[in-house]
>>> print(open('run-v6.txt').read())   # compact mmCIF, C-alpha atoms
# COMPACT_ATOMS: atom_id res chain seq x y z
CA MET N 1 116.24 246.05 76.76
CA TRP N 2 119.58 247.85 76.43
CA ALA N 3 119.72 246.70 72.80
CA LEU N 4 116.37 248.41 72.28
CA LEU N 5 117.72 251.60 73.87
CA VAL N 6 120.77 251.63 71.63
CA LEU N 7 118.51 251.11 68.62
CA ILE N 8 116.36 254.09 69.58
CA GLY N 9 119.41 256.28 70.06
CA ALA N 10 121.09 255.34 66.82
CA ALA N 11 118.27 256.71 64.68
CA SER N 12 119.04 260.33 65.55
CA VAL N 13 121.17 261.42 68.42
CA SER N 14 119.57 264.62 69.64
CA ALA N 15 117.76 265.71 66.50
CA HIS N 16 116.72 269.17 67.62
CA LEU N 17 113.10 270.24 67.81
CA GLN N 18 113.45 272.82 65.07
CA ASP N 19 110.78 271.60 62.68
CA LEU N 20 108.49 272.82 65.44
CA SER N 21 105.40 271.10 64.47
CA PHE N 22 104.70 269.25 67.69
CA ASP N 23 102.43 266.83 65.86
CA GLY N 24 102.59 263.39 67.40
CA GLN N 25 104.94 264.42 70.21
CA LYS N 26 103.95 262.84 73.49
CA VAL N 27 104.35 263.74 77.14
CA PHE N 28 104.84 260.75 79.40
CA ARG N 29 104.57 260.45 83.16
CA VAL N 30 106.63 257.69 84.74
CA ILE N 31 107.38 256.68 88.30
CA PRO N 32 110.71 254.85 88.41
CA GLN N 33 110.63 252.39 91.30
CA ASN N 34 114.34 251.74 91.77
CA ASP N 35 117.83 252.82 90.73
CA GLU N 36 117.80 250.60 87.66
CA GLN N 37 114.70 252.34 86.32
CA VAL N 38 116.24 255.74 87.08
CA GLU N 39 119.30 254.59 85.11
CA ILE N 40 117.06 253.72 82.13
CA LEU N 41 115.72 257.29 82.10
CA ASN N 42 119.27 258.67 82.32
CA PHE N 43 120.35 256.53 79.40
CA LEU N 44 117.27 257.53 77.41
CA ALA N 45 118.14 261.20 77.96
CA SER N 46 121.73 260.57 76.84
CA ILE N 47 120.78 259.09 73.47
CA MET N 48 117.88 261.28 72.42
CA GLU N 49 116.27 264.66 72.89
CA VAL N 50 114.17 264.35 76.05
CA ASP N 51 112.52 267.49 77.38
CA PHE N 52 111.99 267.08 81.12
CA TRP N 53 108.97 268.99 82.42
CA GLN N 54 108.99 267.79 86.06
CA PRO N 55 111.62 267.72 87.43
CA ASP N 56 113.38 269.98 84.93
CA SER N 57 116.48 267.79 84.57
CA VAL N 58 117.12 264.05 84.43
CA THR N 59 119.87 264.52 87.04
CA LEU N 60 117.18 265.21 89.65
CA VAL N 61 115.23 261.99 89.04
CA LYS N 62 115.05 259.65 92.03
CA PRO N 63 113.18 256.39 92.69
CA LYS N 64 109.44 256.82 93.47
CA MET N 65 109.45 260.33 91.99
CA GLN N 66 106.81 261.37 89.46
CA VAL N 67 108.60 262.34 86.24
CA ASP N 68 107.00 264.12 83.26
CA PHE N 69 108.90 264.32 79.97
CA ARG N 70 108.32 265.04 76.30
CA VAL N 71 109.73 263.10 73.34
CA GLU N 72 109.70 263.52 69.58
CA ALA N 73 106.93 261.91 67.58
CA GLU N 74 109.09 259.37 65.77
CA LYS N 75 110.58 258.15 69.06
CA SER N 76 107.41 257.97 71.10
CA PHE N 77 106.40 254.41 70.18
CA LYS N 78 109.87 253.08 70.86
CA VAL N 79 109.95 254.89 74.19
CA GLU N 80 106.59 253.36 75.05
CA ASP N 81 107.90 249.88 74.14
CA LEU N 82 110.90 250.47 76.34
CA LEU N 83 108.79 251.59 79.30
CA LYS N 84 106.60 248.51 78.96
CA GLU N 85 109.61 246.23 78.71
CA SER N 86 111.29 247.77 81.75
CA GLY N 87 108.10 247.35 83.78
CA MET N 88 108.14 251.05 84.66
CA GLU N 89 104.78 252.52 85.65
CA TYR N 90 103.81 255.11 83.07
CA GLN N 91 100.94 257.01 81.54
CA VAL N 92 100.66 259.21 78.47
CA LEU N 93 99.77 262.65 79.84
CA ILE N 94 99.52 264.32 76.44
CA ASP N 95 98.99 262.09 73.42
CA ASN N 96 99.54 264.74 70.76
CA LEU N 97 101.33 267.90 71.82
CA GLN N 98 100.25 269.89 68.76
CA ALA N 99 96.58 269.23 69.57
CA ALA N 100 97.21 270.36 73.17
CA LEU N 101 98.97 273.48 71.86
CA ASN N 102 96.00 274.35 69.68
CA ALA N 103 93.58 273.61 72.51
CA GLN N 104 95.25 276.21 74.78
CA PHE N 105 93.47 278.92 72.82
CA ASP N 106 90.01 277.84 73.86
CA ASN N 107 88.76 281.32 74.70
CA GLN N 108 86.52 281.97 71.70
CA ALA N 109 86.53 285.74 72.15
CA ARG N 110 89.64 286.42 70.07
CA THR N 111 89.84 290.15 70.65
CA ALA N 112 92.53 291.99 68.75
CA GLY N 113 93.72 293.83 71.84
CA HIS N 114 94.68 292.90 75.36
CA SER N 115 92.52 290.50 77.37
CA TYR N 116 92.88 289.21 80.93
CA VAL N 117 91.33 285.86 80.02
CA LYS N 118 93.55 284.95 77.09
CA TYR N 119 97.29 284.67 76.57
CA ASN N 120 98.76 287.94 75.31
CA ASN N 121 101.93 288.20 73.27
CA TRP N 122 104.71 290.51 74.39
CA ASN N 123 103.77 293.48 72.20
CA THR N 124 100.26 293.37 73.64
CA ILE N 125 101.60 293.14 77.22
CA ALA N 126 104.07 295.99 76.63
CA ALA N 127 101.28 298.23 75.29
CA TRP N 128 99.10 297.21 78.25
CA THR N 129 101.78 298.34 80.74
CA ALA N 130 101.64 301.82 79.21
CA ASP N 131 97.84 301.86 79.07
CA ILE N 132 97.18 300.69 82.62
CA ALA N 133 99.59 303.32 83.99
CA ALA N 134 98.07 306.07 81.81
CA GLN N 135 94.51 305.13 82.83
CA ASN N 136 95.29 304.88 86.57
CA PRO N 137 97.89 307.58 87.28
CA ASP N 138 97.00 307.76 90.99
CA LEU N 139 97.66 304.02 91.44
CA VAL N 140 100.09 302.82 88.77
CA SER N 141 103.36 304.09 87.36
CA ARG N 142 105.67 302.44 84.84
CA SER N 143 109.44 302.47 84.71
CA VAL N 144 112.20 300.61 82.86
CA ILE N 145 114.63 298.67 85.07
CA GLY N 146 116.95 297.43 82.35
CA GLU N 147 116.95 295.75 78.99
CA THR N 148 117.05 292.18 77.78
CA TYR N 149 119.85 290.44 75.90
CA GLU N 150 118.09 291.30 72.61
CA GLY N 151 117.69 294.92 73.70
CA ARG N 152 114.04 295.10 74.79
CA PRO N 153 113.05 297.38 77.70
CA MET N 154 112.06 295.58 80.91
CA TYR N 155 108.94 297.36 82.15
CA LEU N 156 108.15 297.45 85.86
CA LEU N 157 104.81 298.61 87.25
CA LYS N 158 104.63 300.21 90.67
CA VAL N 159 101.14 299.78 92.10
CA GLY N 160 99.94 301.64 95.19
CA LYS N 161 98.70 305.01 96.47
CA SER N 162 101.47 307.54 96.85
CA GLY N 163 102.61 307.97 100.43
CA SER N 164 105.76 308.47 102.43
CA ASN N 165 107.96 305.72 103.90
CA LYS N 166 105.94 302.94 102.31
CA LYS N 167 107.23 299.38 102.41
CA ALA N 168 106.94 297.27 99.30
CA ILE N 169 106.39 293.78 97.91
CA PHE N 170 108.20 292.74 94.74
CA MET N 171 106.45 290.26 92.43
CA ASP N 172 107.69 288.88 89.14
CA CYS N 173 106.30 286.59 86.45
CA GLY N 174 107.61 284.92 83.33
CA PHE N 175 111.04 283.67 84.42
CA HIS N 176 110.67 280.55 82.29
CA ALA N 177 109.45 281.39 78.80
CA ARG N 178 106.99 278.53 78.33
CA GLU N 179 105.12 279.08 81.61
CA TRP N 180 102.46 281.30 80.03
CA ILE N 181 100.03 281.24 82.95
CA SER N 182 102.65 283.11 84.99
CA PRO N 183 102.61 286.48 83.10
CA ALA N 184 98.84 286.11 82.90
CA PHE N 185 98.74 286.26 86.71
CA CYS N 186 100.88 289.41 86.99
CA GLN N 187 98.49 291.16 84.58
CA TRP N 188 95.49 289.88 86.51
CA PHE N 189 96.93 291.12 89.81
CA VAL N 190 97.34 294.67 88.47
CA LYS N 191 93.81 294.60 87.00
CA GLU N 192 92.37 293.51 90.37
CA ALA N 193 94.34 296.20 92.18
CA VAL N 194 92.99 299.04 90.05
CA GLU N 195 89.45 297.65 89.73
CA THR N 196 88.87 296.81 93.40
CA TYR N 197 90.69 299.73 95.04
CA GLY N 198 88.09 301.60 97.09
CA LYS N 199 85.69 298.63 96.94
CA ASP N 200 87.54 295.69 98.45
CA THR N 201 88.68 296.60 101.96
CA VAL N 202 91.73 294.31 102.01
CA MET N 203 93.04 295.48 98.61
CA THR N 204 92.36 299.12 99.51
CA THR N 205 94.33 298.81 102.76
CA LEU N 206 97.17 297.01 100.99
CA LEU N 207 97.50 299.69 98.30
CA ASP N 208 97.19 302.52 100.82
CA LYS N 209 99.94 301.12 103.02
CA LEU N 210 102.21 299.15 100.66
CA ASP N 211 103.61 299.45 97.16
CA PHE N 212 103.71 296.49 94.82
CA TYR N 213 106.48 296.32 92.26
CA VAL N 214 105.23 294.05 89.47
CA LEU N 215 107.54 292.79 86.73
CA PRO N 216 105.06 291.22 84.26
CA VAL N 217 107.65 289.27 82.25
CA VAL N 218 111.26 288.71 83.32
CA ASN N 219 112.40 286.64 80.34
CA ILE N 220 110.91 288.74 77.52
CA ASP N 221 113.16 287.43 74.73
CA GLY N 222 112.36 283.83 75.64
CA TYR N 223 108.64 284.60 75.93
CA ILE N 224 108.59 286.11 72.44
CA TYR N 225 110.44 283.04 71.14
CA THR N 226 107.69 280.77 72.52
CA TRP N 227 105.18 282.73 70.41
CA THR N 228 107.25 282.82 67.23
CA ASN N 229 109.51 279.76 67.10
CA ASP N 230 109.27 277.17 69.84
CA ARG N 231 106.38 277.05 72.31
CA MET N 232 108.45 274.80 74.59
CA TRP N 233 111.42 277.16 74.99
CA ARG N 234 112.43 277.77 78.62
CA LYS N 235 115.66 279.77 78.88
CA THR N 236 116.82 283.26 77.94
CA ARG N 237 118.11 283.87 74.40
CA SER N 238 121.71 284.86 75.19
CA LYS N 239 124.68 283.51 73.23
CA HIS N 240 127.70 281.97 74.93
CA ALA N 241 131.32 281.99 73.88
CA GLY N 242 132.43 278.58 72.67
CA SER N 243 128.94 277.11 72.38
CA THR N 244 126.28 277.00 69.69
CA CYS N 245 123.61 276.43 72.36
CA ILE N 246 121.47 279.41 73.25
CA GLY N 247 120.26 280.70 76.58
CA THR N 248 120.64 280.38 80.33
CA ASP N 249 118.04 279.30 82.86
CA PRO N 250 117.44 282.67 84.55
CA ASN N 251 116.25 280.94 87.72
CA ARG N 252 119.61 279.19 88.11
CA ASN N 253 121.55 282.41 87.51
CA PHE N 254 121.36 284.11 90.93
CA ASN N 255 124.16 284.14 93.48
CA ALA N 256 122.59 281.70 95.92
CA GLY N 257 124.49 278.42 95.98
CA TRP N 258 125.11 279.23 92.31
CA CYS N 259 125.62 276.21 90.04
CA THR N 260 125.79 273.62 92.80
CA LEU N 261 122.75 271.34 93.28
CA GLY N 262 120.14 271.03 90.57
CA ALA N 263 121.79 273.28 87.99
CA SER N 264 123.97 272.43 85.02
CA LYS N 265 127.32 273.80 83.83
CA VAL N 266 126.50 272.52 80.33
CA ALA N 267 125.37 275.36 78.05
CA CYS N 268 122.97 273.11 76.11
CA SER N 269 121.15 272.03 79.26
CA SER N 270 117.72 273.48 80.08
CA THR N 271 118.99 274.20 83.61
CA TYR N 272 122.27 275.86 82.52
CA CYS N 273 123.37 278.20 85.30
CA GLY N 274 125.18 280.59 82.95
CA PRO N 275 128.89 281.48 82.86
CA ALA N 276 128.64 283.44 86.13
CA PRO N 277 126.00 284.61 88.64
CA GLU N 278 123.90 287.43 87.12
CA SER N 279 125.51 286.84 83.72
CA GLU N 280 122.07 287.39 82.19
CA LYS N 281 121.04 290.99 81.65
CA GLU N 282 117.53 290.13 82.85
CA THR N 283 118.61 288.63 86.19
CA LYS N 284 121.13 291.43 86.74
CA ALA N 285 118.47 294.12 86.16
CA LEU N 286 116.10 292.41 88.60
CA ALA N 287 118.82 291.91 91.22
CA ASP N 288 120.10 295.48 90.85
CA PHE N 289 116.61 296.88 91.35
CA ILE N 290 116.03 294.81 94.48
CA ARG N 291 119.45 295.73 95.91
CA GLU N 292 118.68 299.42 95.34
CA HIS N 293 115.35 299.06 97.18
CA LEU N 294 116.36 296.64 99.94
CA SER N 295 115.40 299.06 102.69
CA THR N 296 111.77 299.05 101.52
CA ILE N 297 111.15 295.62 99.93
CA LYS N 298 109.83 293.29 102.63
CA ALA N 299 108.49 290.42 100.53
CA TYR N 300 109.45 288.73 97.29
CA LEU N 301 106.95 286.66 95.29
CA THR N 302 107.93 284.86 92.10
CA ILE N 303 105.31 283.13 89.96
CA HIS N 304 106.05 279.95 88.00
CA SER N 305 104.17 276.89 86.72
CA TYR N 306 103.25 274.05 86.93
CA SER N 307 102.57 271.64 89.86
CA GLN N 308 100.53 273.60 92.43
CA LEU N 309 103.19 274.35 94.99
CA LEU N 310 103.92 277.19 97.38
CA LEU N 311 107.62 277.07 98.14
CA PHE N 312 109.99 279.05 100.31
CA PRO N 313 113.77 278.85 100.95
CA TYR N 314 115.87 276.96 100.63
CA SER N 315 116.18 275.21 97.30
CA TYR N 316 119.98 275.12 97.03
CA THR N 317 120.48 273.40 100.37
CA TYR N 318 118.49 270.96 102.50
CA SER N 319 119.12 273.20 105.50
CA LEU N 320 116.04 274.99 106.76
CA PRO N 321 115.95 278.79 106.86
CA SER N 322 116.05 280.46 110.26
CA ASP N 323 112.48 281.69 109.70
CA TYR N 324 111.23 278.21 108.81
CA GLU N 325 108.38 278.04 111.36
CA GLU N 326 106.94 281.40 110.35
CA LEU N 327 107.32 280.86 106.59
CA ASN N 328 105.78 277.41 106.84
CA SER N 329 102.77 278.67 108.75
CA ILE N 330 102.24 281.50 106.23
CA ALA N 331 102.49 279.00 103.35
CA ARG N 332 100.03 276.68 105.08
CA ALA N 333 97.49 279.46 105.61
CA ALA N 334 97.96 280.92 102.12
CA SER N 335 97.48 277.46 100.54
CA LYS N 336 94.30 277.01 102.56
CA GLU N 337 93.08 280.42 101.40
CA LEU N 338 93.84 279.48 97.78
CA ALA N 339 91.96 276.19 98.08
CA SER N 340 88.88 277.91 99.53
CA LEU N 341 87.67 278.97 96.07
CA TYR N 342 87.94 275.92 93.79
CA ASN N 343 89.41 273.30 96.14
CA THR N 344 92.71 273.42 94.27
CA GLU N 345 95.23 271.60 96.45
CA TYR N 346 98.69 273.06 96.86
CA THR N 347 101.67 271.40 98.50
CA TYR N 348 103.87 273.79 100.50
CA GLY N 349 107.30 273.74 102.11
CA PRO N 350 110.99 274.50 101.51
CA GLY N 351 111.98 274.02 97.87
CA ALA N 352 114.70 271.40 98.21
CA THR N 353 112.69 268.97 100.32
CA THR N 354 109.26 269.71 98.82
CA ILE N 355 110.19 269.16 95.17
CA TYR N 356 113.89 268.88 94.41
CA PRO N 357 117.09 270.81 94.97
CA ALA N 358 117.81 273.74 92.64
CA SER N 359 120.55 276.31 93.10
CA GLY N 360 120.76 279.88 91.88
CA GLY N 361 117.06 280.63 92.36
CA SER N 362 115.70 284.13 92.83
CA ASP N 363 113.71 283.31 95.99
CA ASP N 364 116.76 281.96 97.84
CA TRP N 365 118.79 284.94 96.68
CA ALA N 366 116.12 287.43 97.84
CA TYR N 367 115.88 285.69 101.22
CA ASN N 368 119.66 285.85 101.63
CA GLN N 369 119.48 289.59 100.88
CA GLY N 370 117.36 289.91 104.02
CA ILE N 371 113.89 289.76 102.42
CA LYS N 372 112.29 287.45 104.95
CA TYR N 373 108.99 286.77 103.19
CA SER N 374 110.24 285.09 100.04
CA PHE N 375 107.92 282.68 98.20
CA THR N 376 107.70 280.83 94.89
CA PHE N 377 104.32 279.87 93.46
CA GLU N 378 104.03 277.01 90.99
CA LEU N 379 100.56 277.55 89.53
CA ARG N 380 98.15 275.06 87.95
CA ASP N 381 97.99 272.33 86.98
CA ASN N 382 99.30 268.95 88.13
CA GLY N 383 100.30 267.81 84.66
CA LYS N 384 97.18 267.13 82.64
CA TYR N 385 98.04 270.16 80.53
CA GLY N 386 101.41 271.05 82.07
CA PHE N 387 102.77 274.18 80.39
CA LEU N 388 99.81 274.23 77.98
CA LEU N 389 97.11 275.27 80.44
CA PRO N 390 94.00 276.26 78.43
CA GLU N 391 92.86 279.88 78.47
CA SER N 392 89.59 278.79 80.08
CA GLN N 393 91.66 278.15 83.24
CA ILE N 394 93.30 281.58 83.35
CA LYS N 395 90.45 283.19 85.31
CA PRO N 396 90.02 280.49 87.99
CA THR N 397 93.79 280.10 88.35
CA CYS N 398 94.30 283.84 88.81
CA GLU N 399 91.33 284.22 91.14
CA GLU N 400 92.55 281.55 93.55
CA THR N 401 96.18 282.68 93.38
CA LEU N 402 95.11 286.23 94.16
CA LEU N 403 93.58 285.01 97.45
CA ALA N 404 96.93 283.55 98.50
CA VAL N 405 98.89 286.63 97.40
CA LYS N 406 96.51 288.93 99.28
CA TYR N 407 96.84 286.73 102.36
CA ILE N 408 100.65 286.91 102.24
CA ALA N 409 100.64 290.66 101.54
CA ASN N 410 98.29 291.31 104.45
CA TYR N 411 100.45 289.18 106.73
CA VAL N 412 103.54 291.13 105.65
CA LEU N 413 101.74 294.41 106.33
CA GLU N 414 100.87 293.24 109.86
CA HIS N 415 104.41 291.92 110.51
CA LEU N 416 106.67 294.59 109.08
CA TYR N 417 110.27 294.37 110.22
>>> encode(input="run-v6.txt", output="structure tokens")
Amino acid sequence: MWALLVLIGAASVSAHLQDLSFDGQKVFRVIPQNDEQVEILNFLASIMEVDFWQPDSVTLVKPKMQVDFRVEAEKSFKVEDLLKESGMEYQVLIDNLQAALNAQFDNQARTAGHSYVKYNNWNTIAAWTADIAAQNPDLVSRSVIGETYEGRPMYLLKVGKSGSNKKAIFMDCGFHAREWISPAFCQWFVKEAVETYGKDTVMTTLLDKLDFYVLPVVNIDGYIYTWTNDRMWRKTRSKHAGSTCIGTDPNRNFNAGWCTLGASKVACSSTYCGPAPESEKETKALADFIREHLSTIKAYLTIHSYSQLLLFPYSYTYSLPSDYEELNSIARAASKELASLYNTEYTYGPGATTIYPASGGSDDWAYNQGIKYSFTFELRDNGKYGFLLPESQIKPTCEETLLAVKYIANYVLEHLY
């Protein structure tokens, strides 16, 4: 078997995915049963380009864990042979990545402008932020909280009726560039706020008594890159001294157990923590804004995908937060609320024990700043489509997620501290 591995690796050590036709690329799901099978995956990752989807790094793989990863077309048959020979349980989640990419755009109404039920590129989202604020001046205002590495303005929407001494909830989307369903939810949330204010009693109360700060896309440069160059890009687009590799994982770049568990010091890694905490202009802008508004921000919600999870601190340590009982009961109730619409099952709990350890995350950082109600959503699905969730699932995904977000927001409102 090891001879086979060496053979696979020799053909092209880490040929990068720059041709960017994903034709014939496959996504595998394996469940290594023991340390030897984990070692095979580690070796595989060392000799070829393996893009880990879940968990997001080979270093986090443990026996009995479900592992999803993508390999180049010309390697996929050899990888399959290897998996068979090693006796590792596996299935092919996506047989042809290019076909799955094309199938994302299954909403036939290809309108030229913005739509809540299709994926919008950054220019369309940026124009939408201006439009939604202009059309709803009594509920929405837009500001710029910083700029990206490539110099783009980071637009923040403040949603709520004007009032004095209002507490706030901060919500962001689009940390990881390829998680397209995430920005779709932030847009959907704002739409629901303006359309149901005055009609839906819960939303009306929330907007009367709280403000929502909504950052529709954190990692704008990376998001644009997924539309123009590489749909599977994850990180920011910053350059690093002494390395040709681009980008930092913005959700490993916060000062919360920075670069310890579940983050990499290697610049080429997809979980690279960056040269220092808040080295990325995007994470620094977000952190600066929250620090400036700490007296009012009472909850922090960050939206990711995929795997249907509702997580709370901590991810960088196995220790439980002091508010564990309360956070767990909120997550339980919010997950139940979410499932009430389409029976979508979410798993909930502290990040490190519920999925895997990861340091430098924004939710842990926010919690350590004193924002008690700090949650991470991992939206649909469980891996059938992974990061390539079809547009036909945007509406149901956003509808169910909204129920959970409204539940949490209402709880926060009733338990202000």
>>> closest_residue(input="run-v6.txt", among="N:Ala184, N:Val27, N:Glu280, N:Ala73", to="N:Lys395", atoms="only C-alpha atoms")
N:Ala184
>>> atom_distance(input="run-v6.txt", atom1="atom CA of N:Thr317", atom2="atom CA of N:Gln37")
26.0 Å
>>> atom_distance(input="run-v6.txt", atom1="atom CA of N:Asp211", atom2="atom CA of N:Tyr411")
14.4 Å
>>> closest_residue(input="run-v6.txt", among="N:Tyr407, N:Phe289, N:Tyr318, N:Trp122", to="N:Leu206", atoms="all atoms listed in the file")
N:Tyr407
>>> atom_distance(input="run-v6.txt", atom1="atom CA of N:Pro321", atom2="atom CA of N:Pro350")
8.5 Å
>>> residues_around(input="run-v6.txt", residues="N:Ala193", least_positions_apart="6", cutoff="12 Å", atoms="only C-alpha atoms", output="PyMOL selection string")
chain N and resi 132+136+138-140+157-161+186-187+199-208+210-212+214+402+405-406
>>> write_last_selection(input="run-v6.txt", atoms="C-alpha atoms", output="short mmCIF file (atom, residue, chain, number, x, y, z; two decimals), in the frame of the given file")
data_model
loop_
_atom_site.label_atom_id
_atom_site.label_comp_id
_atom_site.auth_asym_id
_atom_site.auth_seq_id
_atom_site.Cartn_x
_atom_site.Cartn_y
_atom_site.Cartn_z
CA ILE N 132 97.18 300.69 82.62
CA ASN N 136 95.29 304.88 86.57
CA ASP N 138 97.00 307.76 90.99
CA LEU N 139 97.66 304.02 91.44
CA VAL N 140 100.09 302.82 88.77
CA LEU N 157 104.81 298.61 87.25
CA LYS N 158 104.63 300.21 90.67
CA VAL N 159 101.14 299.78 92.10
CA GLY N 160 99.94 301.64 95.19
CA LYS N 161 98.70 305.01 96.47
CA CYS N 186 100.88 289.41 86.99
CA GLN N 187 98.49 291.16 84.58
CA LYS N 199 85.69 298.63 96.94
CA ASP N 200 87.54 295.69 98.45
CA THR N 201 88.68 296.60 101.96
CA VAL N 202 91.73 294.31 102.01
CA MET N 203 93.04 295.48 98.61
CA THR N 204 92.36 299.12 99.51
CA THR N 205 94.33 298.81 102.76
CA LEU N 206 97.17 297.01 100.99
CA LEU N 207 97.50 299.69 98.30
CA ASP N 208 97.19 302.52 100.82
CA LEU N 210 102.21 299.15 100.66
CA ASP N 211 103.61 299.45 97.16
CA PHE N 212 103.71 296.49 94.82
CA VAL N 214 105.23 294.05 89.47
CA LEU N 402 95.11 286.23 94.16
CA VAL N 405 98.89 286.63 97.40
CA LYS N 406 96.51 288.93 99.28
#
>>> build_atoms(input="run-v6.txt", residues="stretch 290-304 of chain N", atoms="N, CA, C and O atoms", output="PDB file, keeping the file's coordinate frame")
ATOM      1  N   ILE N 290     116.320 295.232  93.102  1.00  0.00           N
ATOM      2  CA  ILE N 290     116.030 294.810  94.480  1.00  0.00           C
ATOM      3  C   ILE N 290     117.102 295.318  95.443  1.00  0.00           C
ATOM      4  O   ILE N 290     116.797 295.820  96.527  1.00  0.00           O
ATOM      5  N   ARG N 291     118.371 295.222  95.033  1.00  0.00           N
ATOM      6  CA  ARG N 291     119.450 295.730  95.910  1.00  0.00           C
ATOM      7  C   ARG N 291     119.270 297.225  96.193  1.00  0.00           C
ATOM      8  O   ARG N 291     119.473 297.680  97.312  1.00  0.00           O
ATOM      9  N   GLU N 292     118.859 297.970  95.162  1.00  0.00           N
ATOM     10  CA  GLU N 292     118.680 299.420  95.340  1.00  0.00           C
ATOM     11  C   GLU N 292     117.495 299.744  96.261  1.00  0.00           C
ATOM     12  O   GLU N 292     117.425 300.836  96.808  1.00  0.00           O
ATOM     13  N   HIS N 293     116.562 298.807  96.389  1.00  0.00           N
ATOM     14  CA  HIS N 293     115.350 299.060  97.180  1.00  0.00           C
ATOM     15  C   HIS N 293     115.240 298.131  98.386  1.00  0.00           C
ATOM     16  O   HIS N 293     114.146 297.910  98.895  1.00  0.00           O
ATOM     17  N   LEU N 294     116.376 297.613  98.836  1.00  0.00           N
ATOM     18  CA  LEU N 294     116.360 296.640  99.940  1.00  0.00           C
ATOM     19  C   LEU N 294     115.768 297.198 101.214  1.00  0.00           C
ATOM     20  O   LEU N 294     115.169 296.466 101.999  1.00  0.00           O
ATOM     21  N   SER N 295     115.915 298.493 101.428  1.00  0.00           N
ATOM     22  CA  SER N 295     115.400 299.060 102.690  1.00  0.00           C
ATOM     23  C   SER N 295     113.868 299.055 102.713  1.00  0.00           C
ATOM     24  O   SER N 295     113.276 299.081 103.786  1.00  0.00           O
ATOM     25  N   THR N 296     113.243 299.014 101.536  1.00  0.00           N
ATOM     26  CA  THR N 296     111.770 299.050 101.520  1.00  0.00           C
ATOM     27  C   THR N 296     111.124 297.722 101.163  1.00  0.00           C
ATOM     28  O   THR N 296     109.999 297.465 101.581  1.00  0.00           O
ATOM     29  N   ILE N 297     111.789 296.873 100.369  1.00  0.00           N
ATOM     30  CA  ILE N 297     111.150 295.620  99.930  1.00  0.00           C
ATOM     31  C   ILE N 297     111.155 294.603 101.073  1.00  0.00           C
ATOM     32  O   ILE N 297     112.212 294.198 101.563  1.00  0.00           O
ATOM     33  N   LYS N 298     109.964 294.194 101.483  1.00  0.00           N
ATOM     34  CA  LYS N 298     109.830 293.290 102.630  1.00  0.00           C
ATOM     35  C   LYS N 298     109.345 291.892 102.238  1.00  0.00           C
ATOM     36  O   LYS N 298     109.331 290.986 103.081  1.00  0.00           O
ATOM     37  N   ALA N 299     108.910 291.746 100.992  1.00  0.00           N
ATOM     38  CA  ALA N 299     108.490 290.420 100.530  1.00  0.00           C
ATOM     39  C   ALA N 299     108.842 290.278  99.066  1.00  0.00           C
ATOM     40  O   ALA N 299     108.858 291.260  98.316  1.00  0.00           O
ATOM     41  N   TYR N 300     109.134 289.041  98.679  1.00  0.00           N
ATOM     42  CA  TYR N 300     109.450 288.730  97.290  1.00  0.00           C
ATOM     43  C   TYR N 300     108.607 287.538  96.860  1.00  0.00           C
ATOM     44  O   TYR N 300     108.635 286.480  97.497  1.00  0.00           O
ATOM     45  N   LEU N 301     107.815 287.728  95.799  1.00  0.00           N
ATOM     46  CA  LEU N 301     106.950 286.660  95.290  1.00  0.00           C
ATOM     47  C   LEU N 301     107.298 286.420  93.829  1.00  0.00           C
ATOM     48  O   LEU N 301     107.287 287.354  93.022  1.00  0.00           O
ATOM     49  N   THR N 302     107.617 285.176  93.488  1.00  0.00           N
ATOM     50  CA  THR N 302     107.930 284.860  92.100  1.00  0.00           C
ATOM     51  C   THR N 302     106.974 283.763  91.629  1.00  0.00           C
ATOM     52  O   THR N 302     106.722 282.794  92.345  1.00  0.00           O
ATOM     53  N   ILE N 303     106.412 283.973  90.441  1.00  0.00           N
ATOM     54  CA  ILE N 303     105.310 283.130  89.960  1.00  0.00           C
ATOM     55  C   ILE N 303     105.773 282.240  88.808  1.00  0.00           C
ATOM     56  O   ILE N 303     106.242 282.747  87.782  1.00  0.00           O
ATOM     57  N   HIS N 304     105.655 280.935  89.009  1.00  0.00           N
ATOM     58  CA  HIS N 304     106.050 279.950  88.000  1.00  0.00           C
ATOM     59  C   HIS N 304     104.884 278.999  87.734  1.00  0.00           C
ATOM     60  O   HIS N 304     103.812 279.155  88.289  1.00  0.00           O
TER      61      HIS N 304
END
